[in-house]
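Q: Contents of upload.txt (compact mmCIF, C-alpha atoms) are given next:
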# COMPACT_ATOMS: atom_id res chain seq x y z
CA MET T 1 -86.06 128.72 160.27
CA ILE T 2 -83.51 126.40 158.61
CA ASP T 3 -82.83 127.13 154.95
CA SER T 4 -79.19 127.18 153.91
CA PRO T 5 -77.01 125.52 156.55
CA ALA T 6 -74.33 127.55 158.28
CA ALA T 7 -72.09 126.57 161.16
CA VAL T 8 -74.18 124.87 163.84
CA PRO T 9 -73.92 126.51 167.28
CA HIS T 10 -72.10 124.23 169.70
CA TRP T 11 -74.82 124.63 172.34
CA LEU T 12 -77.48 123.45 169.89
CA THR T 13 -75.48 120.35 168.99
CA LEU T 14 -75.13 119.58 172.71
CA LEU T 15 -78.87 120.11 173.23
CA LEU T 16 -79.75 117.71 170.40
CA ALA T 17 -77.28 115.13 171.75
CA ALA T 18 -78.74 115.41 175.26
CA ALA T 19 -82.31 115.22 173.93
CA CYS T 20 -81.52 112.07 171.96
CA GLY T 21 -79.91 110.46 175.00
CA LEU T 22 -82.79 111.26 177.35
CA ILE T 23 -85.47 110.12 174.91
CA VAL T 24 -83.85 106.90 173.72
CA ALA T 25 -83.15 105.84 177.32
CA ASN T 26 -86.90 105.26 177.72
CA ILE T 27 -86.62 102.17 175.52
CA TYR T 28 -84.01 100.54 177.74
CA TYR T 29 -85.04 101.37 181.32
CA ALA T 30 -87.22 98.25 181.65
CA GLN T 31 -84.66 95.74 180.35
CA PRO T 32 -82.77 95.16 183.63
CA LEU T 33 -86.03 95.46 185.61
CA ILE T 34 -87.97 92.62 184.00
CA GLY T 35 -87.79 90.57 187.23
CA PRO T 36 -89.30 93.09 189.69
CA ILE T 37 -91.78 94.51 187.16
CA SER T 38 -93.15 91.11 186.11
CA ALA T 39 -93.37 89.96 189.75
CA GLU T 40 -95.38 93.00 190.83
CA LEU T 41 -97.66 93.03 187.76
CA GLY T 42 -98.37 89.29 187.88
CA LEU T 43 -96.70 88.33 184.60
CA SER T 44 -95.54 84.72 184.35
CA PRO T 45 -91.84 84.05 183.60
CA GLY T 46 -92.81 82.99 180.09
CA ALA T 47 -94.63 86.28 179.45
CA ALA T 48 -92.09 88.56 181.17
CA GLY T 49 -90.26 89.14 177.89
CA LEU T 50 -93.30 91.06 176.64
CA ILE T 51 -92.14 93.98 178.80
CA VAL T 52 -89.25 94.53 176.38
CA THR T 53 -90.94 93.16 173.27
CA MET T 54 -93.85 95.64 173.36
CA THR T 55 -91.42 98.56 173.51
CA GLN T 56 -89.48 97.14 170.57
CA ILE T 57 -92.67 96.65 168.55
CA GLY T 58 -93.71 100.24 169.20
CA TYR T 59 -90.27 101.51 168.19
CA GLY T 60 -90.28 99.44 164.99
CA ILE T 61 -93.73 100.73 164.01
CA GLY T 62 -92.59 104.28 164.69
CA LEU T 63 -89.49 103.91 162.51
CA LEU T 64 -91.58 102.94 159.50
CA LEU T 65 -94.73 105.03 160.03
CA VAL T 66 -93.71 108.09 162.10
CA VAL T 67 -90.08 108.92 161.25
CA PRO T 68 -90.84 109.40 157.51
CA LEU T 69 -93.19 112.25 158.52
CA ALA T 70 -90.02 114.34 158.98
CA ASP T 71 -90.10 114.72 155.17
CA LEU T 72 -93.67 116.03 155.34
CA ILE T 73 -94.37 117.89 158.61
CA GLU T 74 -92.58 120.82 160.26
CA ASN T 75 -89.85 119.09 162.24
CA ARG T 76 -89.95 120.93 165.56
CA LEU T 77 -93.70 120.37 165.90
CA LEU T 78 -93.30 116.70 164.98
CA VAL T 79 -90.51 116.18 167.55
CA LEU T 80 -92.60 117.82 170.30
CA CYS T 81 -95.69 115.73 169.54
CA VAL T 82 -93.80 112.44 169.38
CA THR T 83 -91.80 113.24 172.55
CA ALA T 84 -95.08 114.05 174.32
CA LEU T 85 -96.31 110.56 173.37
CA ALA T 86 -93.21 109.04 174.99
CA GLY T 87 -93.81 111.21 178.06
CA LEU T 88 -97.40 110.03 178.33
CA GLY T 89 -96.19 106.44 178.01
CA VAL T 90 -93.74 106.70 180.91
CA VAL T 91 -96.43 108.35 183.08
CA LEU T 92 -98.79 105.44 182.41
CA ALA T 93 -95.98 102.95 183.09
CA ALA T 94 -95.24 104.61 186.43
CA LEU T 95 -98.91 104.42 187.44
CA SER T 96 -99.53 100.86 186.21
CA GLY T 97 -100.62 98.29 188.77
CA SER T 98 -101.39 95.42 186.41
CA ALA T 99 -99.89 93.89 183.30
CA LEU T 100 -102.16 95.14 180.50
CA PRO T 101 -101.82 98.90 181.21
CA PHE T 102 -98.06 98.52 181.55
CA LEU T 103 -97.73 96.65 178.25
CA LEU T 104 -99.82 99.29 176.47
CA ALA T 105 -97.65 101.97 178.05
CA SER T 106 -94.55 100.11 176.80
CA LEU T 107 -95.94 100.15 173.26
CA MET T 108 -96.51 103.91 173.59
CA ILE T 109 -93.01 104.48 174.96
CA GLY T 110 -91.46 102.69 171.99
CA LEU T 111 -93.59 104.61 169.51
CA GLY T 112 -92.78 107.97 171.10
CA SER T 113 -89.07 107.28 171.43
CA VAL T 114 -88.60 107.43 167.65
CA ALA T 115 -88.38 111.21 168.19
CA VAL T 116 -84.62 110.62 168.32
CA GLN T 117 -84.66 109.41 164.71
CA ILE T 118 -86.35 112.66 163.70
CA LEU T 119 -83.77 114.72 165.58
CA VAL T 120 -80.74 113.04 163.94
CA PRO T 121 -81.65 113.95 160.32
CA TYR T 122 -82.80 117.34 161.67
CA ALA T 123 -79.21 117.86 162.85
CA ALA T 124 -77.96 116.81 159.41
CA HIS T 125 -80.20 119.44 157.80
CA MET T 126 -78.66 122.13 159.99
CA ALA T 127 -75.07 121.22 159.17
CA PRO T 128 -73.14 122.27 156.05
CA GLU T 129 -71.81 119.44 153.90
CA ALA T 130 -68.20 119.82 155.04
CA MET T 131 -69.03 119.20 158.71
CA ARG T 132 -72.18 117.07 158.47
CA GLY T 133 -70.46 113.92 159.68
CA ARG T 134 -69.02 115.74 162.69
CA VAL T 135 -72.41 117.16 163.72
CA VAL T 136 -74.24 113.84 163.24
CA GLY T 137 -71.46 112.05 165.15
CA ASN T 138 -71.73 114.43 168.08
CA VAL T 139 -75.51 114.03 168.24
CA MET T 140 -75.23 110.25 167.92
CA SER T 141 -72.75 110.17 170.80
CA GLY T 142 -75.55 111.52 173.00
CA LEU T 143 -77.94 108.88 171.69
CA MET T 144 -75.48 106.05 172.29
CA LEU T 145 -74.71 107.42 175.76
CA GLY T 146 -78.44 107.29 176.56
CA ILE T 147 -78.63 103.66 175.42
CA MET T 148 -75.64 102.61 177.47
CA LEU T 149 -76.48 104.52 180.64
CA ALA T 150 -80.19 103.64 180.74
CA ARG T 151 -79.74 100.11 182.10
CA PRO T 152 -77.35 100.92 184.97
CA VAL T 153 -79.32 104.05 185.91
CA ALA T 154 -82.55 102.04 186.04
CA SER T 155 -80.88 99.40 188.23
CA PHE T 156 -79.43 101.99 190.62
CA VAL T 157 -82.69 103.97 190.97
CA THR T 158 -84.69 100.79 191.54
CA GLY T 159 -82.21 99.71 194.19
CA LEU T 160 -82.70 103.01 196.01
CA SER T 161 -86.50 103.18 195.62
CA SER T 162 -88.61 101.09 193.21
CA TRP T 163 -89.05 100.56 189.50
CA HIS T 164 -91.94 103.05 189.55
CA ALA T 165 -89.44 105.78 190.49
CA VAL T 166 -87.50 105.20 187.26
CA PHE T 167 -90.54 106.09 185.15
CA VAL T 168 -91.54 109.01 187.39
CA LEU T 169 -88.06 110.46 186.93
CA SER T 170 -88.26 109.96 183.16
CA ALA T 171 -91.68 111.66 183.01
CA ALA T 172 -90.24 114.74 184.72
CA LEU T 173 -87.31 114.76 182.30
CA MET T 174 -89.61 114.48 179.24
CA LEU T 175 -91.70 117.43 180.45
CA ALA T 176 -88.65 119.62 181.02
CA LEU T 177 -87.10 118.53 177.71
CA GLY T 178 -90.27 119.38 175.78
CA VAL T 179 -90.24 122.93 177.16
CA VAL T 180 -86.56 123.42 176.29
CA LEU T 181 -86.93 122.03 172.76
CA ARG T 182 -89.97 124.24 172.11
CA LEU T 183 -87.96 127.32 173.05
CA ALA T 184 -84.62 126.41 171.47
CA LEU T 185 -85.16 124.49 168.21
CA PRO T 186 -85.35 126.43 164.94
CA VAL T 187 -88.33 125.74 162.69
CA ARG T 188 -87.68 123.46 159.71
CA ARG T 189 -90.39 122.99 157.09
CA PRO T 190 -89.76 120.24 154.51
CA HIS T 191 -90.46 121.02 150.87
CA SER T 192 -92.15 117.74 149.93
CA GLY T 193 -95.46 118.15 148.12
CA MET T 194 -96.59 114.51 148.43
CA GLY T 195 -99.22 113.11 150.79
CA TYR T 196 -98.64 110.61 153.58
CA GLY T 197 -99.73 107.59 151.51
CA ALA T 198 -97.39 108.50 148.68
CA LEU T 199 -94.63 109.13 151.21
CA LEU T 200 -94.93 105.59 152.62
CA HIS T 201 -95.24 104.08 149.14
CA SER T 202 -92.01 105.78 148.10
CA MET T 203 -90.04 104.00 150.84
CA GLY T 204 -90.18 100.68 149.03
CA ARG T 205 -88.82 102.34 145.91
CA LEU T 206 -86.00 103.96 147.88
CA ALA T 207 -85.00 100.61 149.39
CA VAL T 208 -84.84 99.03 145.92
CA THR T 209 -83.21 101.86 143.96
CA LEU T 210 -80.58 103.12 146.42
CA PRO T 211 -77.80 100.52 146.88
CA PRO T 212 -75.86 102.70 149.38
CA LEU T 213 -78.90 102.72 151.69
CA ARG T 214 -79.36 98.97 151.38
CA ARG T 215 -75.69 98.25 151.94
CA ARG T 216 -75.20 100.54 154.92
CA ALA T 217 -78.34 99.15 156.58
CA LEU T 218 -77.22 95.53 156.14
CA TYR T 219 -73.62 96.24 157.19
CA HIS T 220 -74.91 97.63 160.45
CA ALA T 221 -77.61 94.97 160.89
CA GLY T 222 -74.90 92.36 161.41
CA LEU T 223 -72.88 94.51 163.78
CA PHE T 224 -75.90 95.68 165.78
CA GLY T 225 -77.12 92.09 165.94
CA ALA T 226 -73.80 91.16 167.55
CA PHE T 227 -74.17 94.08 169.98
CA SER T 228 -77.67 92.96 171.01
CA LEU T 229 -76.50 89.34 171.32
CA PHE T 230 -73.61 90.38 173.58
CA TRP T 231 -75.71 92.52 175.93
CA THR T 232 -78.45 89.87 176.11
CA ALA T 233 -76.10 87.05 177.05
CA VAL T 234 -73.53 88.90 179.17
CA PRO T 235 -75.83 89.51 182.18
CA LEU T 236 -76.59 85.78 182.21
CA ARG T 237 -72.89 84.96 182.23
CA LEU T 238 -72.08 87.59 184.86
CA ALA T 239 -74.80 86.31 187.21
CA GLY T 240 -74.00 82.62 186.71
CA GLU T 241 -70.25 82.34 186.18
CA PHE T 242 -69.11 85.40 188.15
CA HIS T 243 -72.00 85.58 190.68
CA LEU T 244 -72.48 89.33 190.23
CA SER T 245 -75.48 91.06 191.79
CA GLN T 246 -77.82 93.43 189.93
CA THR T 247 -75.61 96.31 191.06
CA GLY T 248 -72.49 94.52 189.86
CA ILE T 249 -74.05 93.91 186.45
CA ALA T 250 -75.03 97.60 186.31
CA LEU T 251 -71.42 98.61 187.04
CA PHE T 252 -70.22 96.26 184.29
CA ALA T 253 -72.60 97.93 181.83
CA LEU T 254 -71.05 101.30 182.63
CA ALA T 255 -67.78 100.11 181.10
CA GLY T 256 -69.38 100.12 177.66
CA VAL T 257 -69.95 103.86 177.91
CA ALA T 258 -66.30 104.35 176.93
CA GLY T 259 -67.23 103.24 173.42
CA VAL T 260 -69.35 106.35 172.91
CA ILE T 261 -66.27 108.42 172.07
CA SER T 262 -66.08 106.69 168.69
CA ALA T 263 -69.21 108.43 167.32
CA PRO T 264 -67.73 111.94 166.96
CA ILE T 265 -64.43 110.42 165.80
CA ALA T 266 -66.26 108.47 163.08
CA GLY T 267 -68.06 111.64 161.98
CA ARG T 268 -64.77 113.44 161.46
CA VAL T 269 -63.28 110.44 159.65
CA ALA T 270 -66.31 110.33 157.34
CA ASP T 271 -66.00 114.06 156.56
CA ARG T 272 -62.45 113.33 155.36
CA GLY T 273 -63.76 110.72 152.91
CA TRP T 274 -62.44 107.66 154.77
CA VAL T 275 -65.77 105.86 155.12
CA ARG T 276 -64.64 102.65 153.42
CA PRO T 277 -61.53 101.83 155.52
CA ALA T 278 -63.32 102.97 158.68
CA THR T 279 -66.21 100.59 157.95
CA ALA T 280 -63.83 97.67 157.49
CA ALA T 281 -62.10 98.56 160.76
CA ALA T 282 -65.41 98.74 162.66
CA LEU T 283 -66.56 95.33 161.39
CA LEU T 284 -63.18 93.73 162.16
CA LEU T 285 -63.20 95.26 165.65
CA GLY T 286 -66.69 93.84 166.22
CA MET T 287 -65.42 90.37 165.32
CA ALA T 288 -62.27 90.75 167.44
CA SER T 289 -64.29 91.71 170.51
CA PHE T 290 -65.80 88.22 170.67
CA LEU T 291 -62.46 86.48 170.09
CA LEU T 292 -61.07 88.49 172.99
CA THR T 293 -63.45 86.77 175.42
CA LEU T 294 -62.27 83.21 174.71
CA PRO T 295 -58.67 82.68 175.96
CA ALA T 296 -59.04 83.06 179.75
CA PRO T 297 -60.21 80.29 182.13
CA ALA T 298 -63.92 80.43 182.99
CA GLY T 299 -64.72 82.39 186.13
CA SER T 300 -61.23 83.91 186.44
CA THR T 301 -60.42 87.56 187.04
CA LEU T 302 -58.73 87.65 183.63
CA ALA T 303 -61.93 86.38 182.00
CA LEU T 304 -63.90 89.21 183.59
CA VAL T 305 -61.31 91.81 182.53
CA LEU T 306 -61.36 90.52 178.95
CA LEU T 307 -65.16 90.62 178.97
CA VAL T 308 -65.05 94.29 180.02
CA LEU T 309 -62.56 95.10 177.25
CA ALA T 310 -64.70 93.21 174.74
CA GLY T 311 -67.76 95.25 175.74
CA ILE T 312 -65.85 98.50 175.25
CA ALA T 313 -64.48 97.39 171.87
CA LEU T 314 -67.87 96.23 170.60
CA ASP T 315 -69.61 99.43 171.72
CA PHE T 316 -66.83 101.44 170.05
CA ALA T 317 -67.36 99.57 166.76
CA VAL T 318 -71.15 99.92 166.83
CA SER T 319 -71.10 103.63 167.68
CA ALA T 320 -68.64 104.33 164.87
CA ASN T 321 -70.36 102.26 162.20
CA VAL T 322 -73.83 103.72 162.72
CA VAL T 323 -72.44 107.24 162.20
CA LEU T 324 -70.52 106.18 159.09
CA GLY T 325 -73.75 104.79 157.66
CA GLN T 326 -75.73 107.93 158.42
CA ARG T 327 -73.06 110.11 156.85
CA VAL T 328 -73.50 108.12 153.64
CA ILE T 329 -77.30 107.95 153.54
CA PHE T 330 -77.85 111.60 154.50
CA GLY T 331 -75.86 112.52 151.40
CA LEU T 332 -78.40 110.78 149.14
CA GLY T 333 -80.88 113.67 149.22
CA ALA T 334 -81.94 116.29 151.75
CA GLU T 335 -85.63 115.84 150.95
CA LEU T 336 -85.39 112.08 151.65
CA ARG T 337 -83.61 112.05 155.00
CA GLY T 338 -86.60 111.19 157.18
CA ARG T 339 -87.50 108.17 155.06
CA LEU T 340 -83.88 107.13 154.59
CA ASN T 341 -83.23 107.21 158.32
CA GLY T 342 -86.44 105.28 159.04
CA LEU T 343 -85.49 102.52 156.60
CA TYR T 344 -81.89 102.43 157.81
CA MET T 345 -82.85 102.18 161.46
CA ALA T 346 -85.70 99.70 160.92
CA THR T 347 -83.38 97.34 159.00
CA PHE T 348 -80.63 97.16 161.57
CA PHE T 349 -83.15 97.22 164.43
CA LEU T 350 -84.45 93.94 162.95
CA GLY T 351 -80.88 92.67 163.04
CA GLY T 352 -80.76 93.64 166.71
CA ALA T 353 -83.94 91.69 167.43
CA VAL T 354 -82.44 88.61 165.74
CA GLY T 355 -79.26 89.07 167.79
CA SER T 356 -81.19 89.30 171.07
CA ALA T 357 -83.06 86.08 170.33
CA LEU T 358 -79.87 84.36 169.22
CA GLY T 359 -78.05 85.50 172.38
CA GLY T 360 -80.57 83.90 174.74
CA TRP T 361 -80.76 80.68 172.73
CA SER T 362 -77.01 80.27 172.18
CA PHE T 363 -76.11 80.80 175.83
CA ALA T 364 -78.73 78.28 176.98
CA ALA T 365 -77.75 75.74 174.31
CA GLY T 366 -73.96 75.95 174.34
CA GLY T 367 -72.75 78.40 176.96
CA TRP T 368 -70.49 81.36 176.25
CA PHE T 369 -68.41 79.61 173.56
CA LEU T 370 -71.43 79.13 171.27
CA THR T 371 -72.58 82.68 172.05
CA ALA T 372 -69.17 84.07 171.09
CA MET T 373 -69.16 82.08 167.83
CA CYS T 374 -72.60 83.41 166.91
CA GLY T 375 -71.52 86.93 167.83
CA LEU T 376 -68.42 86.57 165.67
CA ALA T 377 -70.46 85.28 162.71
CA LEU T 378 -72.84 88.26 162.49
CA PRO T 379 -70.28 91.01 161.71
CA ALA T 380 -68.35 88.45 159.63
CA LEU T 381 -71.40 88.17 157.35
CA SER T 382 -71.51 91.97 157.10
CA LEU T 383 -67.81 92.05 156.28
CA ALA T 384 -68.26 89.45 153.53
CA TYR T 385 -71.02 91.58 152.00
CA PHE T 386 -68.91 94.71 152.40
CA ALA T 387 -66.10 93.02 150.44
CA THR T 388 -68.38 92.94 147.37
CA GLU T 389 -68.83 96.72 147.34
CA ARG T 390 -67.34 98.47 144.34
CA ARG T 391 -64.96 101.33 145.07
What is this file in structure tokens?
A:
Amino acid sequence: MIDSPAAVPHWLTLLLAAACGLIVANIYYAQPLIGPISAELGLSPGAAGLIVTMTQIGYGIGLLLVVPLADLIENRLLVLCVTALAGLGVVLAALSGSALPFLLASLMIGLGSVAVQILVPYAAHMAPEAMRGRVVGNVMSGLMLGIMLARPVASFVTGLSSWHAVFVLSAALMLALGVVLRLALPVRRPHSGMGYGALLHSMGRLAVTLPPLRRRALYHAGLFGAFSLFWTAVPLRLAGEFHLSQTGIALFALAGVAGVISAPIAGRVADRGWVRPATAAALLLGMASFLLTLPAPAGSTLALVLLVLAGIALDFAVSANVVLGQRVIFGLGAELRGRLNGLYMATFFLGGAVGSALGGWSFAAGGWFLTAMCGLALPALSLAYFATERR
């Protein structure tokens, strides 16, 4: 049972990182598979976006209504129950032969995948203050790796078999992961004496009365919005301007994995007290990544190389900034971490949804130049707000 934190075993940090990566990948498997899934299930092109939207809705609901339970319910039990819900969702998705069951399964997958946002503050509880940023950064590197690998893995598996195989594979992984987590995770019982209704009611008060929470959430909302915009529009550009196949787009997405290394680096930087300059650097790097895509002639090899470098730089900035924010908010109170993380994630997840919508619209309306300008503007807004923060 977790009481006073001591040094966290390295194997446990690796397990939590792997668990976060495997669980969060469930949210992203369907994104590159919208075409084959909608064709088989009979969804019209106009309704195909619901495949992703239902997962996002489920995840958003879970952030606000399930993640705060980490301040109320024994954490290992909560993680196992929520992960089991994600596992049931991927089983139903694999077995679906029509649109409605698949969309309901997508909602369930999103809701169950918030287990990762219970595991991250759980890791923070285990770590002593002096190394909390490092532990959270290491765990977040696993989560970010899961996000970035999910799309290319789904494309490759579908190319070898079918989209059903992706969800069958995930169901097997969720079952095995549940067994391992049950055996390996220490028990952690929160000390909150409030009920669930009071817990939810307190979240509004936390959002209003804790400026660091509000600031860190909005800083990252702009940067994550730019990230979502980039990865929404880039496949369209790769297919149209560069004529890449689904496999080629999957290989391009693998380049972004290099950005994952920034999460543990950011954790160590935060532990040294350098959160402020590191935040400025992450926001500036996010802006620079879009400028990097503009100089080369359209369709040239140089343009493709610069696009790859931009993807790596943007992923690096996003991975670093999310860890910097968590290092700050997890220091606001151990008994609040579940609610703080839910509010933090829900806020910038909304920014990501805005970015996704903006990415599709901007590319259709003005091509890559307009997309890059919109992508540049989002972290620029965060940087302008950051400049008003008192030292």
Q: If we count all atoms listed in the file and set the cut-off at 8 Å, which residues sit around T:Met174, ignoring sequence neighbours fewer than 4 positions away in its own chain? Please answer as a PyMOL selection string.
A: chain T and resi 22-23+83-84+86-87+170+178
Q: What does the distance from atom CA of T:Ser319 to atom CA of T:Ala263 come to in Å, to one decimal?
A: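 Atom-to-atom, atom CA of T:Ser319 to atom CA of T:Ala263, that is 5.2 Å.
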Q: Near T:Gly197, within 12 Å and counting all atoms listed in the file, which residues show up once chain neighbours fewer than 2 positions away are dropped, as a PyMOL selection string?
A: chain T and resi 65+68-69+72+193-195+199-203
Q: Just want the 8 Å neighbourhood of T:Leu307, counted on all atoms listed in the file, with same-chain residues fewer than 4 positions away dropped. Output as a PyMOL selection string.
A: chain T and resi 292-293+303+311
Q: Keeping only C-alpha atoms, write the selected residues as a PDB file, keeping the file's coordinate frame.
A:
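The resulting again_8.pdb:
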ATOM      1  CA  LEU T 292     -61.070  88.490 172.990  1.00  0.00           C
ATOM      2  CA  THR T 293     -63.450  86.770 175.420  1.00  0.00           C
ATOM      3  CA  ALA T 303     -61.930  86.380 182.000  1.00  0.00           C
ATOM      4  CA  GLY T 311     -67.760  95.250 175.740  1.00  0.00           C
TER       5      GLY T 311
END
Q: Enumerate, as a ChimeraX atom specification, the protein, DNA and RNA residues whose atoms approach (-94.1, 95.4, 176.2) to within 8 Å, taking into account only C-alpha atoms and the coordinate frame of the file.
A: /T:49-57,102-107
Q: May I have the residues within 10 Å of T:Gln326 as a PyMOL selection string, using all atoms listed in the file and disregarding those fewer than 6 positions away in the same chain?
A: chain T and resi 120-121+124+132-133+136-137+140+213+216-217+267+270+337+340-341+344-345
Q: Would you put the residues from that selection into a file with C-alpha atoms, as a PDB file, keeping the file's coordinate frame?
A:
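Okay, this is what ended up in out23.pdb:
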ATOM      1  CA  VAL T 120     -80.740 113.040 163.940  1.00  0.00           C
ATOM      2  CA  PRO T 121     -81.650 113.950 160.320  1.00  0.00           C
ATOM      3  CA  ALA T 124     -77.960 116.810 159.410  1.00  0.00           C
ATOM      4  CA  ARG T 132     -72.180 117.070 158.470  1.00  0.00           C
ATOM      5  CA  GLY T 133     -70.460 113.920 159.680  1.00  0.00           C
ATOM      6  CA  VAL T 136     -74.240 113.840 163.240  1.00  0.00           C
ATOM      7  CA  GLY T 137     -71.460 112.050 165.150  1.00  0.00           C
ATOM      8  CA  MET T 140     -75.230 110.250 167.920  1.00  0.00           C
ATOM      9  CA  LEU T 213     -78.900 102.720 151.690  1.00  0.00           C
ATOM     10  CA  ARG T 216     -75.200 100.540 154.920  1.00  0.00           C
ATOM     11  CA  ALA T 217     -78.340  99.150 156.580  1.00  0.00           C
ATOM     12  CA  GLY T 267     -68.060 111.640 161.980  1.00  0.00           C
ATOM     13  CA  ALA T 270     -66.310 110.330 157.340  1.00  0.00           C
ATOM     14  CA  ARG T 337     -83.610 112.050 155.000  1.00  0.00           C
ATOM     15  CA  LEU T 340     -83.880 107.130 154.590  1.00  0.00           C
ATOM     16  CA  ASN T 341     -83.230 107.210 158.320  1.00  0.00           C
ATOM     17  CA  TYR T 344     -81.890 102.430 157.810  1.00  0.00           C
ATOM     18  CA  MET T 345     -82.850 102.180 161.460  1.00  0.00           C
TER      19      MET T 345
END
Q: Counting all atoms listed in the file, which residue out of T:Leu324, T:Ala25, T:Ala198, T:Leu210 sits closest to T:Gly273?
A: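 Looking only at the distances to T:Gly273, the closest residue turns out to be T:Leu324.
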Q: What's the 10 Å shell around T:Leu85, counting all atoms listed in the file, without same-chain residues fewer than 2 positions away, as a ChimeraX atom specification?
A: /T:79-83,87-91,105,108-113,115,174
Q: Between atom CA of T:Leu314 and atom CA of T:Gly286, what distance in Å does the model show, to one decimal?
A: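 Computed distance, atom CA of T:Leu314 to atom CA of T:Gly286, equals 5.1 Å.
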Q: Reconstruct N, CA and C atoms of stretch 51-65 of chain T from the incomplete input and present them as an mmCIF file, in the coordinates of the input.
A:
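Listed below is the output, part.cif:
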data_model
loop_
_atom_site.group_PDB
_atom_site.id
_atom_site.type_symbol
_atom_site.label_atom_id
_atom_site.label_comp_id
_atom_site.auth_asym_id
_atom_site.auth_seq_id
_atom_site.Cartn_x
_atom_site.Cartn_y
_atom_site.Cartn_z
ATOM 1 N N ILE T 51 -92.460 92.643 178.292
ATOM 2 C CA ILE T 51 -92.140 93.980 178.800
ATOM 3 C C ILE T 51 -91.188 94.696 177.847
ATOM 4 N N VAL T 52 -90.203 93.970 177.336
ATOM 5 C CA VAL T 52 -89.250 94.530 176.380
ATOM 6 C C VAL T 52 -89.809 94.468 174.962
ATOM 7 N N THR T 53 -90.463 93.363 174.633
ATOM 8 C CA THR T 53 -90.940 93.160 173.270
ATOM 9 C C THR T 53 -91.937 94.235 172.838
ATOM 10 N N MET T 54 -92.848 94.629 173.721
ATOM 11 C CA MET T 54 -93.850 95.640 173.360
ATOM 12 C C MET T 54 -93.191 96.979 173.050
ATOM 13 N N THR T 55 -92.150 97.323 173.795
ATOM 14 C CA THR T 55 -91.420 98.560 173.510
ATOM 15 C C THR T 55 -90.742 98.473 172.143
ATOM 16 N N GLN T 56 -90.146 97.313 171.851
ATOM 17 C CA GLN T 56 -89.480 97.140 170.570
ATOM 18 C C GLN T 56 -90.467 97.186 169.406
ATOM 19 N N ILE T 57 -91.649 96.603 169.603
ATOM 20 C CA ILE T 57 -92.670 96.650 168.550
ATOM 21 C C ILE T 57 -93.089 98.088 168.292
ATOM 22 N N GLY T 58 -93.335 98.846 169.363
ATOM 23 C CA GLY T 58 -93.710 100.240 169.200
ATOM 24 C C GLY T 58 -92.637 101.034 168.478
ATOM 25 N N TYR T 59 -91.372 100.792 168.826
ATOM 26 C CA TYR T 59 -90.270 101.510 168.190
ATOM 27 C C TYR T 59 -90.175 101.146 166.704
ATOM 28 N N GLY T 60 -90.329 99.865 166.387
ATOM 29 C CA GLY T 60 -90.280 99.440 164.990
ATOM 30 C C GLY T 60 -91.387 100.051 164.164
ATOM 31 N N ILE T 61 -92.605 100.095 164.720
ATOM 32 C CA ILE T 61 -93.730 100.730 164.010
ATOM 33 C C ILE T 61 -93.432 102.203 163.780
ATOM 34 N N GLY T 62 -92.890 102.860 164.804
ATOM 35 C CA GLY T 62 -92.590 104.280 164.690
ATOM 36 C C GLY T 62 -91.538 104.573 163.629
ATOM 37 N N LEU T 63 -90.528 103.708 163.516
ATOM 38 C CA LEU T 63 -89.490 103.910 162.510
ATOM 39 C C LEU T 63 -90.065 103.928 161.099
ATOM 40 N N LEU T 64 -91.032 103.065 160.853
ATOM 41 C CA LEU T 64 -91.580 102.940 159.500
ATOM 42 C C LEU T 64 -92.740 103.884 159.232
ATOM 43 N N LEU T 65 -93.510 104.248 160.260
ATOM 44 C CA LEU T 65 -94.730 105.030 160.030
ATOM 45 C C LEU T 65 -94.662 106.463 160.554
#
